[in-house]
Structures are given as structure tokens and as C-alpha cells.
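Asks: Provided below: query-v4.tsv, containing TSV, C-alpha atoms.
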chain	number	residue	atom	x	y	z
A	1016	MET	CA	130.61	87.04	-7.52
A	1017	THR	CA	127.12	87.68	-6.05
A	1018	TYR	CA	126.97	89.83	-2.94
A	1019	PHE	CA	124.13	90.66	-0.57
A	1020	LEU	CA	123.88	93.65	1.74
A	1021	ALA	CA	122.03	93.86	5.06
A	1022	GLY	CA	121.57	96.59	7.62
A	1023	ASP	CA	120.03	97.02	11.08
A	1024	ILE	CA	119.39	100.74	11.56
A	1025	GLY	CA	118.55	101.91	15.07
A	1026	GLY	CA	118.37	105.22	16.84
A	1027	THR	CA	121.79	104.76	18.43
A	1028	LYS	CA	123.81	102.61	16.04
A	1029	THR	CA	123.65	101.11	12.58
A	1030	LEU	CA	125.05	97.67	11.72
A	1031	LEU	CA	125.91	96.93	8.11
A	1032	GLN	CA	127.27	93.77	6.55
A	1033	ILE	CA	128.01	92.44	3.08
A	1034	PHE	CA	128.21	88.73	2.43
A	1035	ARG	CA	127.97	85.98	-0.18
A	1036	GLN	CA	124.96	83.68	-0.55
A	1037	ASP	CA	124.28	81.62	2.63
A	1038	GLU	CA	127.31	83.11	4.41
A	1039	ALA	CA	125.60	85.74	6.57
A	1040	ARG	CA	127.27	84.42	9.75
A	1041	THR	CA	130.71	84.86	8.14
A	1042	PRO	CA	130.40	88.18	6.25
A	1043	ILE	CA	133.09	89.78	4.11
A	1044	LEU	CA	132.70	92.92	6.21
A	1045	CYS	CA	130.49	93.85	9.16
A	1046	LYS	CA	130.72	97.30	10.74
A	1047	SER	CA	128.93	99.40	13.32
A	1048	TYR	CA	128.41	103.16	12.89
A	1049	PRO	CA	126.92	105.75	15.26
A	1050	SER	CA	123.62	106.56	13.56
A	1051	ALA	CA	123.64	110.22	14.56
A	1052	SER	CA	127.04	110.74	12.90
A	1053	HIS	CA	125.39	110.66	9.45
A	1054	ASP	CA	122.51	112.64	8.03
A	1055	GLY	CA	121.10	109.64	6.20
A	1056	LEU	CA	121.64	106.04	5.17
A	1057	GLU	CA	122.96	106.85	1.68
A	1058	SER	CA	126.19	108.48	2.88
A	1059	MET	CA	126.78	105.68	5.38
A	1060	LEU	CA	126.34	103.04	2.67
A	1061	GLU	CA	128.79	104.83	0.39
A	1062	MET	CA	131.42	104.74	3.12
A	1063	PHE	CA	130.72	101.10	3.95
A	1064	LEU	CA	130.90	99.86	0.35
A	1065	HIS	CA	134.12	101.79	-0.16
A	1066	GLU	CA	135.63	100.14	2.92
A	1067	ALA	CA	134.46	96.71	1.73
A	1068	GLY	CA	136.03	97.30	-1.68
A	1069	ILE	CA	132.82	96.14	-3.36
A	1070	ARG	CA	130.99	98.36	-5.79
A	1071	GLN	CA	127.61	96.67	-5.96
A	1072	ALA	CA	125.35	94.12	-4.27
A	1073	VAL	CA	122.59	92.25	-6.06
A	1074	ALA	CA	120.07	92.75	-3.24
A	1075	ALA	CA	119.82	94.50	0.10
A	1076	CYS	CA	117.47	94.52	3.06
A	1077	PHE	CA	117.47	97.23	5.72
A	1078	ALA	CA	115.73	96.78	9.07
A	1079	LEU	CA	114.59	100.12	10.48
A	1080	ALA	CA	113.52	101.12	13.97
A	1081	GLY	CA	110.22	102.67	12.92
A	1082	PRO	CA	107.10	101.99	10.84
A	1083	VAL	CA	107.60	101.03	7.21
A	1084	ALA	CA	105.02	102.20	4.68
A	1085	GLY	CA	105.56	100.52	1.33
A	1086	ARG	CA	108.93	101.60	-0.05
A	1087	LYS	CA	109.53	104.33	2.52
A	1088	ALA	CA	110.19	104.52	6.25
A	1089	LYS	CA	110.80	107.10	8.94
A	1090	LEU	CA	112.78	106.18	12.03
A	1091	THR	CA	111.12	106.84	15.39
A	1092	ASN	CA	114.20	107.94	17.34
A	1093	LEU	CA	116.35	109.33	14.50
A	1094	PRO	CA	115.57	112.23	12.12
A	1095	TRP	CA	115.98	110.09	9.02
A	1096	GLY	CA	113.69	109.23	6.18
A	1097	VAL	CA	114.63	106.20	4.07
A	1098	ASP	CA	113.43	105.64	0.49
A	1099	ALA	CA	114.14	102.19	-0.97
A	1100	ASP	CA	113.98	103.34	-4.59
A	1101	ALA	CA	116.33	106.28	-3.96
A	1102	LEU	CA	118.79	103.94	-2.21
A	1103	ALA	CA	118.63	101.45	-5.07
A	1104	ALA	CA	119.40	104.15	-7.62
A	1105	HIS	CA	122.09	105.89	-5.59
A	1106	CYS	CA	124.02	102.74	-4.62
A	1107	HIS	CA	123.31	100.73	-7.81
A	1108	ILE	CA	121.54	97.90	-5.97
A	1109	PRO	CA	118.86	96.24	-8.17
A	1110	HIS	CA	116.67	95.03	-5.28
A	1111	VAL	CA	116.24	96.97	-2.02
A	1112	THR	CA	113.77	95.95	0.69
A	1113	LEU	CA	112.82	97.88	3.85
A	1114	ILE	CA	111.39	96.08	6.88
A	1115	ASN	CA	110.62	97.02	10.47
A	1116	ASP	CA	113.50	96.25	12.83
A	1117	PHE	CA	111.42	93.82	14.84
A	1118	GLU	CA	110.27	92.05	11.72
A	1119	ALA	CA	113.99	91.46	11.16
A	1120	VAL	CA	114.42	90.23	14.74
A	1121	GLY	CA	111.49	87.86	14.20
A	1122	LEU	CA	113.11	86.50	11.05
A	1123	GLY	CA	116.38	86.11	12.93
A	1124	ILE	CA	114.66	84.02	15.62
A	1125	THR	CA	114.13	81.24	13.08
A	1126	ALA	CA	117.90	81.00	12.51
A	1127	LEU	CA	119.08	81.08	16.13
A	1128	GLN	CA	121.19	78.32	17.61
A	1129	GLN	CA	120.92	77.02	21.17
A	1130	GLU	CA	123.97	78.98	22.31
A	1131	ASP	CA	122.20	82.19	21.25
A	1132	LEU	CA	119.57	81.75	24.00
A	1133	LEU	CA	119.51	82.04	27.78
A	1134	SER	CA	116.43	80.37	29.25
A	1135	LEU	CA	114.42	82.14	31.98
A	1136	GLN	CA	111.55	79.63	31.93
A	1137	SER	CA	111.49	76.33	30.03
A	1138	GLY	CA	107.69	76.11	29.81
A	1139	GLU	CA	105.90	73.68	27.50
A	1140	VAL	CA	106.81	74.31	23.85
A	1141	GLN	CA	104.17	73.74	21.18
A	1142	GLU	CA	105.84	73.37	17.78
A	1143	GLN	CA	102.99	75.09	15.92
A	1144	GLY	CA	102.47	77.74	18.57
A	1145	VAL	CA	102.61	81.50	18.16
A	1146	ARG	CA	105.91	83.13	19.10
A	1147	ILE	CA	106.54	86.69	20.26
A	1148	VAL	CA	109.72	88.72	20.35
A	1149	VAL	CA	110.07	91.76	22.59
A	1150	GLY	CA	113.12	93.93	22.96
A	1151	ALA	CA	114.23	97.14	24.63
A	1152	GLY	CA	117.06	99.24	23.24
A	1153	THR	CA	116.82	102.86	22.17
A	1154	GLY	CA	113.13	102.05	21.77
A	1155	LEU	CA	110.86	99.11	22.61
A	1156	GLY	CA	109.93	96.65	19.86
A	1157	VAL	CA	107.30	93.91	19.63
A	1158	ALA	CA	106.54	91.37	16.91
A	1159	TRP	CA	104.42	88.22	16.57
A	1160	LEU	CA	105.31	85.10	14.59
A	1161	SER	CA	102.68	82.65	13.35
A	1162	LYS	CA	103.29	79.27	11.73
A	1163	GLN	CA	102.06	79.08	8.15
A	1164	GLY	CA	102.87	75.80	6.46
A	1165	ASP	CA	106.48	74.90	7.18
A	1166	ARG	CA	107.69	78.39	8.13
A	1167	TYR	CA	107.00	81.25	10.50
A	1168	VAL	CA	105.59	84.53	9.20
A	1169	VAL	CA	106.47	87.71	11.13
A	1170	HIS	CA	103.86	90.32	12.03
A	1171	PRO	CA	105.55	93.58	13.13
A	1172	SER	CA	103.77	95.97	15.46
A	1173	GLU	CA	104.17	99.18	17.43
A	1174	GLY	CA	103.27	97.44	20.67
A	1175	GLY	CA	105.96	99.31	22.57
A	1176	HIS	CA	103.73	102.39	22.44
A	1177	ILE	CA	100.91	100.77	24.44
A	1178	ASP	CA	99.86	102.87	27.46
A	1179	PHE	CA	101.99	102.27	30.54
A	1180	ALA	CA	99.94	100.55	33.27
A	1181	PRO	CA	101.46	101.16	36.74
A	1182	ALA	CA	101.21	98.26	39.17
A	1183	ASP	CA	101.93	99.91	42.56
A	1184	GLU	CA	102.31	103.28	44.26
A	1185	ILE	CA	105.85	104.02	43.11
A	1186	GLN	CA	104.91	103.19	39.52
A	1187	ILE	CA	101.87	105.46	39.79
A	1188	ALA	CA	104.19	108.26	40.95
A	1189	LEU	CA	106.52	107.48	38.03
A	1190	LEU	CA	103.59	107.72	35.60
A	1191	GLN	CA	102.55	111.11	37.01
A	1192	TYR	CA	106.16	112.35	36.80
A	1193	LEU	CA	106.45	111.34	33.13
A	1194	GLN	CA	102.99	112.68	32.26
A	1195	GLN	CA	104.29	116.14	33.15
A	1196	ARG	CA	107.01	115.66	30.52
A	1197	HIS	CA	105.22	113.82	27.74
A	1198	GLY	CA	101.48	113.84	28.29
A	1199	HIS	CA	100.97	110.34	26.93
A	1200	VAL	CA	103.26	107.78	28.59
A	1201	SER	CA	103.87	104.56	26.70
A	1202	TYR	CA	105.90	101.61	27.90
A	1203	GLU	CA	108.69	102.73	25.56
A	1204	ARG	CA	109.12	105.86	27.70
A	1205	ILE	CA	110.23	103.55	30.51
A	1206	VAL	CA	111.37	100.21	29.04
A	1207	SER	CA	114.24	101.52	26.90
A	1208	GLY	CA	117.67	103.05	27.34
A	1209	PRO	CA	116.22	106.57	27.69
A	1210	GLY	CA	113.56	105.05	29.95
A	1211	LEU	CA	116.14	103.77	32.44
A	1212	VAL	CA	117.56	107.29	32.59
A	1213	ALA	CA	114.04	108.67	33.13
A	1214	ILE	CA	113.50	106.29	36.05
A	1215	TYR	CA	116.77	107.46	37.60
A	1216	GLU	CA	115.72	111.11	37.18
A	1217	PHE	CA	112.35	110.34	38.79
A	1218	LEU	CA	114.04	108.74	41.81
A	1219	ARG	CA	116.44	111.69	42.06
A	1220	ASP	CA	113.89	114.47	41.57
A	1221	SER	CA	111.40	112.91	43.99
A	1222	ALA	CA	114.17	112.81	46.64
A	1223	ARG	CA	113.80	109.07	47.11
A	1224	PHE	CA	117.55	108.62	46.58
A	1225	THR	CA	120.55	110.90	46.13
A	1226	PRO	CA	123.25	110.06	43.56
A	1227	THR	CA	126.85	109.99	44.73
A	1228	PRO	CA	129.44	112.38	43.24
A	1229	ALA	CA	131.05	109.39	41.49
A	1230	LEU	CA	127.83	108.57	39.65
A	1231	LEU	CA	127.18	112.22	38.76
A	1232	ALA	CA	130.67	112.52	37.28
A	1233	ALA	CA	130.29	109.29	35.28
A	1234	LEU	CA	126.92	110.40	33.89
A	1235	GLN	CA	128.54	113.55	32.51
A	1236	SER	CA	131.11	111.66	30.43
A	1237	ASP	CA	129.57	108.29	29.50
A	1238	ASP	CA	126.38	106.84	28.02
A	1239	ALA	CA	123.85	107.45	30.79
A	1240	ALA	CA	121.89	104.18	30.54
A	1241	ALA	CA	125.03	102.04	30.36
A	1242	THR	CA	126.53	103.96	33.28
A	1243	LEU	CA	123.46	103.38	35.43
A	1244	ALA	CA	123.48	99.66	34.62
A	1245	ARG	CA	127.18	99.44	35.47
A	1246	PHE	CA	126.79	101.23	38.81
A	1247	ALA	CA	123.73	99.11	39.61
A	1248	ALA	CA	125.71	95.92	39.00
A	1249	SER	CA	128.45	97.08	41.36
A	1250	GLY	CA	125.94	97.33	44.22
A	1251	SER	CA	127.58	100.51	45.48
A	1252	GLU	CA	125.02	103.03	44.19
A	1253	PRO	CA	121.52	102.67	45.69
A	1254	ILE	CA	119.78	105.00	43.22
A	1255	ALA	CA	121.18	103.09	40.24
A	1256	TRP	CA	120.29	99.73	41.80
A	1257	HIS	CA	116.71	100.78	42.54
A	1258	ALA	CA	116.33	102.34	39.07
A	1259	LEU	CA	117.39	99.10	37.42
A	1260	GLN	CA	115.12	97.00	39.64
A	1261	LEU	CA	112.15	99.21	38.79
A	1262	PHE	CA	113.07	98.99	35.10
A	1263	ILE	CA	113.28	95.18	35.24
A	1264	SER	CA	109.97	94.91	37.08
A	1265	ILE	CA	108.12	97.07	34.54
A	1266	TYR	CA	109.83	95.19	31.70
A	1267	GLY	CA	108.61	91.88	33.09
A	1268	ALA	CA	105.06	93.20	33.54
A	1269	PHE	CA	105.01	94.46	29.96
A	1270	VAL	CA	106.17	91.13	28.55
A	1271	GLY	CA	103.48	89.42	30.63
A	1272	ASN	CA	100.84	91.73	29.16
A	1273	ILE	CA	101.97	90.96	25.61
A	1274	ALA	CA	102.04	87.25	26.42
A	1275	LEU	CA	98.43	87.37	27.61
A	1276	ALA	CA	97.43	89.06	24.35
A	1277	ALA	CA	99.21	86.53	22.10
A	1278	LEU	CA	99.39	83.29	24.16
A	1279	PRO	CA	102.77	82.48	22.59
A	1280	ARG	CA	102.98	78.74	23.19
A	1281	GLY	CA	105.84	78.57	20.70
A	1282	GLY	CA	108.00	80.78	22.89
A	1283	ILE	CA	108.76	84.30	24.11
A	1284	TYR	CA	112.08	85.80	23.05
A	1285	ILE	CA	113.56	88.83	24.82
A	1286	ALA	CA	115.87	90.57	22.36
A	1287	GLY	CA	117.06	94.18	22.00
A	1288	GLY	CA	120.28	95.78	23.10
A	1289	ILE	CA	119.59	95.85	26.85
A	1290	ALA	CA	118.46	92.37	27.98
A	1291	ALA	CA	121.72	90.57	27.18
A	1292	LYS	CA	123.69	93.23	29.06
A	1293	ILE	CA	121.61	92.89	32.24
A	1294	ALA	CA	120.88	89.16	31.92
A	1295	ALA	CA	122.38	88.40	35.34
A	1296	GLN	CA	120.01	90.86	37.02
A	1297	MET	CA	117.04	89.58	34.99
A	1298	GLN	CA	117.79	86.06	36.23
A	1299	GLN	CA	117.58	87.15	39.88
A	1300	GLY	CA	113.81	86.96	40.04
A	1301	GLU	CA	112.19	90.40	39.73
A	1302	PHE	CA	111.59	90.09	36.00
A	1303	MET	CA	109.84	86.73	36.34
A	1304	ARG	CA	107.91	87.84	39.43
A	1305	ALA	CA	106.42	90.77	37.50
A	1306	PHE	CA	105.89	88.62	34.39
A	1307	LEU	CA	103.84	86.09	36.35
A	1308	ALA	CA	101.94	88.63	38.52
A	1309	LYS	CA	98.72	88.41	36.49
A	1310	GLY	CA	96.28	87.19	39.13
A	1311	ARG	CA	94.30	84.17	37.97
A	1312	PHE	CA	96.42	83.81	34.83
A	1313	GLY	CA	99.84	83.56	36.48
A	1314	GLY	CA	99.63	79.77	36.19
A	1315	LEU	CA	99.00	80.01	32.45
A	1316	LEU	CA	102.00	82.28	31.95
A	1317	ALA	CA	104.16	79.78	33.86
A	1318	THR	CA	103.63	77.28	31.01
A	1319	LEU	CA	105.10	79.57	28.32
A	1320	PRO	CA	108.75	79.16	27.22
A	1321	LEU	CA	110.75	82.36	27.76
A	1322	ALA	CA	114.38	83.12	26.89
A	1323	ILE	CA	116.79	86.03	26.50
A	1324	VAL	CA	118.45	86.32	23.08
A	1325	ASN	CA	122.14	86.95	23.69
A	1326	ASN	CA	123.10	87.28	20.03
A	1327	PRO	CA	123.43	91.09	19.55
A	1328	GLN	CA	123.19	90.75	15.77
A	1329	ILE	CA	119.84	88.99	15.56
A	1330	GLY	CA	118.24	91.88	13.64
A	1331	LEU	CA	121.10	91.91	11.16
A	1332	LEU	CA	120.76	88.14	10.77
A	1333	GLY	CA	117.07	88.53	9.98
A	1334	ALA	CA	117.71	91.29	7.46
A	1335	SER	CA	120.35	89.07	5.83
A	1336	LEU	CA	117.84	86.25	5.43
A	1337	ARG	CA	115.30	88.61	3.83
A	1338	ALA	CA	117.92	90.04	1.45
A	1339	GLN	CA	118.56	86.56	0.13
A	1340	GLN	CA	114.85	85.80	-0.20
A	1341	THR	CA	114.50	88.97	-2.26
Would you mind writing the structure in this file as C-alpha cells?
Replies:
Amino acid sequence: MTYFLAGDIGGTKTLLQIFRQDEARTPILCKSYPSASHDGLESMLEMFLHEAGIRQAVAACFALAGPVAGRKAKLTNLPWGVDADALAAHCHIPHVTLINDFEAVGLGITALQQEDLLSLQSGEVQEQGVRIVVGAGTGLGVAWLSKQGDRYVVHPSEGGHIDFAPADEIQIALLQYLQQRHGHVSYERIVSGPGLVAIYEFLRDSARFTPTPALLAALQSDDAAATLARFAASGSEPIAWHALQLFISIYGAFVGNIALAALPRGGIYIAGGIAAKIAAQMQQGEFMRAFLAKGRFGGLLATLPLAIVNNPQIGLLGASLRAQQT
């Protein structure tokens, strides 16, 4: 029996799955592991293959949240280095491929079904048009897709590290606050899970809002970004609500900037681990207001199709497709 292995390795969690040819949506085993609980991918793979009861796969593809240079990669938000040749030898996998995590997301876009998407703007789709995929999670990823022949080719980037451009007085104050911490402030410092926490800390430290004891207690015991999103959704915590609104506004502005650079008439896809979780808030208007607030070119942006990807395994799906191509 021929088996394929795919992985989506992020700063917070790693998804692994093993499957037979053309059966990536119904894998033999798919598991999630906290990335920080292992000192590298090799030990995690050993555990996974043991649990699957399968000794060897014919090919594997691993999507990594960081730049890939040839056969090696280093994750941006995790102290791991990954070497494809070392993995192949250690786990007895003849063919191992490493790709950027947003290259994997771009590949996954081509295999999405209608139920995997939540439309924010229908726009005017051009079948041969450029597509972009943007997604905030532990970091902020960006990739372009261009049509070549009968298929889309993915062009990964590090667009999440573009300089943050504040749009109003409170965003200018946020920039100055984060400059004291980091010097250079990219969009990823704000449009990400850690970025939402940073916005909350800015609002707290600048005395714009005061967190309640309930929020402070929850932040001590739970994931901070998820806690803030939960309290914001409840409407009972002003600092959390305003932090999320500021996050959504800056997210929308960033996607609008990337859209102006690429003119993605084939569609804009918002992926990553955060958008699907706050989709209801993103549908309430602030995201689209900031996306379209581009002066003379707001009308142009209104013609571009834009949707949230609500399939949390899109990166894993893309890595699965590449494993089979290998």
C-alpha cells in the first residue's frame, strides 16, 4: 500500500496526516500537536507514525511558517530548523519536500469547495485573474497565485513583514507604542494572535480602557488572544471589544494594500487561524470599510471578489496535494 504524509507546521500547532493516493480529505490518521512541546519535527514524526501504525510513506510535504531556502527552512515563530534530507533519512521517506506555509495555503485554495468559503464581497470574478491569499494566525502570511496554462502557480512571500502604515491618530499612537518594543513594526506585529494581545496591552497601558477582574483572571489561565476574542464577542468587556475592532480595521486595511499591489481579479482569500473564528465580527462592516478606504481606488477594490476560508486545514490540504505531485 502506498502512503503519503503531509504536515502544516506553525508556531503554535502542527497538523500531520497520512493518507492514501487521492484520499487527503479522508486520511488514515490526522493529528494536531502543540509545536512547542517538541524540540524538532523529527521526534514529532516518529510519534505520529507510531500512532498511525505505518512505518514508511513514499513521499511527504511539510508546509512551514517561515522562509524555505532549498532543502532547509527555519520557522519564524518557533526555534526549529528543518532539513528535508535529514528528515528523509531519519524517517525512511524517499521523497521529502519543504514549502512555505502560505504556498501550501495557495495550493489548498485550488481544491476548496463552496462550503469552505464565506463571501464578504462577491465582486466580478475573472477566471484567468491573479488570486491572493492572506491569513493571520501566530504570524501573518501572504501569497500570490497566477494562472499558467490550466493551473495556478503559487508565489509565496513575506508580505506580512511590510511596514505598518497607521491610518488615524489611535493607530499612530499604537505604532509609537510598538516602536518602543520592537523598533521596526510590521503588520505581523499587529495582525496576528500576538498582535491582538499587543493591541490590548496598548489600550490598557495608555489608560484608554481598564480591564475587568474577570478578564484579568481569564488572561492568566487561557490563551490570551482567544480569551480577548471571546470577551469581545460577549460585548461585556469594552477593552476587548475595542481591541478586536482595531485589529479588524488594521487587518482590512492591510488586505486592501495587498489587493492594490496585486489587483487580484481572480479573488482574495482570507485564511489563517483567526479569520474563521471572528467571521461574525468581520461581517459587521469594519473590515470592509477599512479594506475599501483607499481614496480614489475604493471603487476598484469594490469589484474584487473577497471571501473568508473557513476550512481550518487548508494548509494541510495544500501540502497533501504537493506530496502527491512529488
Asks: Which residues come within 6 Å of segment 1251-1264 of chain A, counting all atoms listed in the file, excluding same-chain residues fewer than 3 positions away, as JSON, numbers by chain?
Replies: {"A": [1214, 1215, 1224, 1243, 1246, 1247, 1267, 1301, 1302, 1305]}
Asks: List every protein, DNA or RNA residue that has at least one atom no more than 8 Å from (96.0, 80.9, 28.8) in the file's coordinates, counting all atoms listed in the file, and write the result as a list of chain:residue names.
Replies: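 Checked against the point, the hits come out as A:Leu1275, A:Leu1278, A:Phe1312, A:Leu1315, A:Leu1316.
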Asks: May I have the protein, DNA and RNA residues with an atom at most 8 Å from (106.2, 86.7, 22.1), counting all atoms listed in the file in the file's coordinates, returned as a list in words?
Replies: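 Looking at atoms near the point gives Val1145, Arg1146, Ile1147, Val1148, Val1149, Val1157, Ala1158, Trp1159, Leu1160, Val1270, Ile1273, Ala1274, Ala1277, Leu1278, Pro1279, Gly1282, Ile1283 and Tyr1284 of chain A.
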Asks: Excluding segment 1317-1319 of chain A and its own-chain neighbours fewer than 3 positions away, which residues fall within 6 Å of it when counting all atoms listed in the file? Please give them as number ranges by chain.
Replies: A: 1138-1139, 1280, 1314
Asks: What gap, in Å, lies between atom CA of Val1324 of chain A and atom CA of Leu1132 of chain A?
Replies: 4.8 Å
Asks: Pick out the residues sitting within 12 Å of Ala1067 of chain A, and hand them over as a PDB file with C-alpha atoms, keeping the file's coordinate frame; count all atoms listed in the file, and ignore anything fewer than 3 positions along from it in its own chain.
Replies:
ATOM      1  CA  TYR A1018     126.970  89.830  -2.940  1.00  0.00           C
ATOM      2  CA  LEU A1020     123.880  93.650   1.740  1.00  0.00           C
ATOM      3  CA  LEU A1031     125.910  96.930   8.110  1.00  0.00           C
ATOM      4  CA  GLN A1032     127.270  93.770   6.550  1.00  0.00           C
ATOM      5  CA  ILE A1033     128.010  92.440   3.080  1.00  0.00           C
ATOM      6  CA  PHE A1034     128.210  88.730   2.430  1.00  0.00           C
ATOM      7  CA  PRO A1042     130.400  88.180   6.250  1.00  0.00           C
ATOM      8  CA  ILE A1043     133.090  89.780   4.110  1.00  0.00           C
ATOM      9  CA  LEU A1044     132.700  92.920   6.210  1.00  0.00           C
ATOM     10  CA  CYS A1045     130.490  93.850   9.160  1.00  0.00           C
ATOM     11  CA  LYS A1046     130.720  97.300  10.740  1.00  0.00           C
ATOM     12  CA  LEU A1060     126.340 103.040   2.670  1.00  0.00           C
ATOM     13  CA  GLU A1061     128.790 104.830   0.390  1.00  0.00           C
ATOM     14  CA  MET A1062     131.420 104.740   3.120  1.00  0.00           C
ATOM     15  CA  PHE A1063     130.720 101.100   3.950  1.00  0.00           C
ATOM     16  CA  LEU A1064     130.900  99.860   0.350  1.00  0.00           C
ATOM     17  CA  ARG A1070     130.990  98.360  -5.790  1.00  0.00           C
ATOM     18  CA  GLN A1071     127.610  96.670  -5.960  1.00  0.00           C
ATOM     19  CA  ALA A1072     125.350  94.120  -4.270  1.00  0.00           C
TER      20      ALA A1072
END
Asks: Env of Lys1089 of chain A: 12 Å cut, atoms = all atoms listed in the file, seq-sep filter 3 positions within chain, self excluded. Answer as a PyMOL selection string.
Replies: chain A and resi 1024-1026+1055-1056+1078-1086+1092-1099+1113-1116
Asks: If you measure from atom CA of Gln1143 of chain A to atom CA of Pro1327 of chain A, what distance in Å do you get, rounded to one decimal?
Replies: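 About the pair atom CA of Gln1143 of chain A and atom CA of Pro1327 of chain A: they are 26.2 Å apart.
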Asks: Can segment 1090-1105 of chain A be brought up to N, CA and C atoms and written out as a PDB file, in the coordinates of the input?
Replies:
ATOM      1  N   LEU A1090     112.361 106.734  10.756  1.00  0.00           N
ATOM      2  CA  LEU A1090     112.780 106.180  12.030  1.00  0.00           C
ATOM      3  C   LEU A1090     112.157 106.948  13.192  1.00  0.00           C
ATOM      4  N   THR A1091     111.798 106.224  14.249  1.00  0.00           N
ATOM      5  CA  THR A1091     111.120 106.840  15.390  1.00  0.00           C
ATOM      6  C   THR A1091     112.053 107.705  16.213  1.00  0.00           C
ATOM      7  N   ASN A1092     113.284 107.234  16.450  1.00  0.00           N
ATOM      8  CA  ASN A1092     114.200 107.940  17.340  1.00  0.00           C
ATOM      9  C   ASN A1092     115.427 108.484  16.608  1.00  0.00           C
ATOM     10  N   LEU A1093     115.265 108.782  15.311  1.00  0.00           N
ATOM     11  CA  LEU A1093     116.350 109.330  14.500  1.00  0.00           C
ATOM     12  C   LEU A1093     115.713 110.158  13.387  1.00  0.00           C
ATOM     13  N   PRO A1094     116.208 111.376  13.123  1.00  0.00           N
ATOM     14  CA  PRO A1094     115.570 112.230  12.120  1.00  0.00           C
ATOM     15  C   PRO A1094     115.940 111.843  10.685  1.00  0.00           C
ATOM     16  N   TRP A1095     115.704 110.599  10.355  1.00  0.00           N
ATOM     17  CA  TRP A1095     115.980 110.090   9.020  1.00  0.00           C
ATOM     18  C   TRP A1095     114.693 109.655   8.338  1.00  0.00           C
ATOM     19  N   GLY A1096     114.644 109.886   7.035  1.00  0.00           N
ATOM     20  CA  GLY A1096     113.690 109.230   6.180  1.00  0.00           C
ATOM     21  C   GLY A1096     114.473 108.322   5.245  1.00  0.00           C
ATOM     22  N   VAL A1097     113.942 107.153   4.946  1.00  0.00           N
ATOM     23  CA  VAL A1097     114.630 106.200   4.070  1.00  0.00           C
ATOM     24  C   VAL A1097     113.690 105.833   2.930  1.00  0.00           C
ATOM     25  N   ASP A1098     114.187 105.947   1.699  1.00  0.00           N
ATOM     26  CA  ASP A1098     113.430 105.640   0.490  1.00  0.00           C
ATOM     27  C   ASP A1098     114.145 104.515  -0.246  1.00  0.00           C
ATOM     28  N   ALA A1099     113.503 103.360  -0.366  1.00  0.00           N
ATOM     29  CA  ALA A1099     114.140 102.190  -0.970  1.00  0.00           C
ATOM     30  C   ALA A1099     114.535 102.442  -2.416  1.00  0.00           C
ATOM     31  N   ASP A1100     113.671 103.110  -3.179  1.00  0.00           N
ATOM     32  CA  ASP A1100     113.980 103.340  -4.590  1.00  0.00           C
ATOM     33  C   ASP A1100     115.143 104.313  -4.755  1.00  0.00           C
ATOM     34  N   ALA A1101     115.208 105.336  -3.899  1.00  0.00           N
ATOM     35  CA  ALA A1101     116.330 106.280  -3.960  1.00  0.00           C
ATOM     36  C   ALA A1101     117.631 105.579  -3.596  1.00  0.00           C
ATOM     37  N   LEU A1102     117.590 104.698  -2.585  1.00  0.00           N
ATOM     38  CA  LEU A1102     118.790 103.940  -2.210  1.00  0.00           C
ATOM     39  C   LEU A1102     119.246 103.036  -3.336  1.00  0.00           C
ATOM     40  N   ALA A1103     118.288 102.362  -3.975  1.00  0.00           N
ATOM     41  CA  ALA A1103     118.630 101.450  -5.070  1.00  0.00           C
ATOM     42  C   ALA A1103     119.327 102.195  -6.198  1.00  0.00           C
ATOM     43  N   ALA A1104     118.806 103.373  -6.525  1.00  0.00           N
ATOM     44  CA  ALA A1104     119.400 104.150  -7.620  1.00  0.00           C
ATOM     45  C   ALA A1104     120.753 104.718  -7.218  1.00  0.00           C
ATOM     46  N   HIS A1105     120.864 105.233  -6.031  1.00  0.00           N
ATOM     47  CA  HIS A1105     122.090 105.890  -5.590  1.00  0.00           C
ATOM     48  C   HIS A1105     123.251 104.916  -5.437  1.00  0.00           C
TER      49      HIS A1105
END
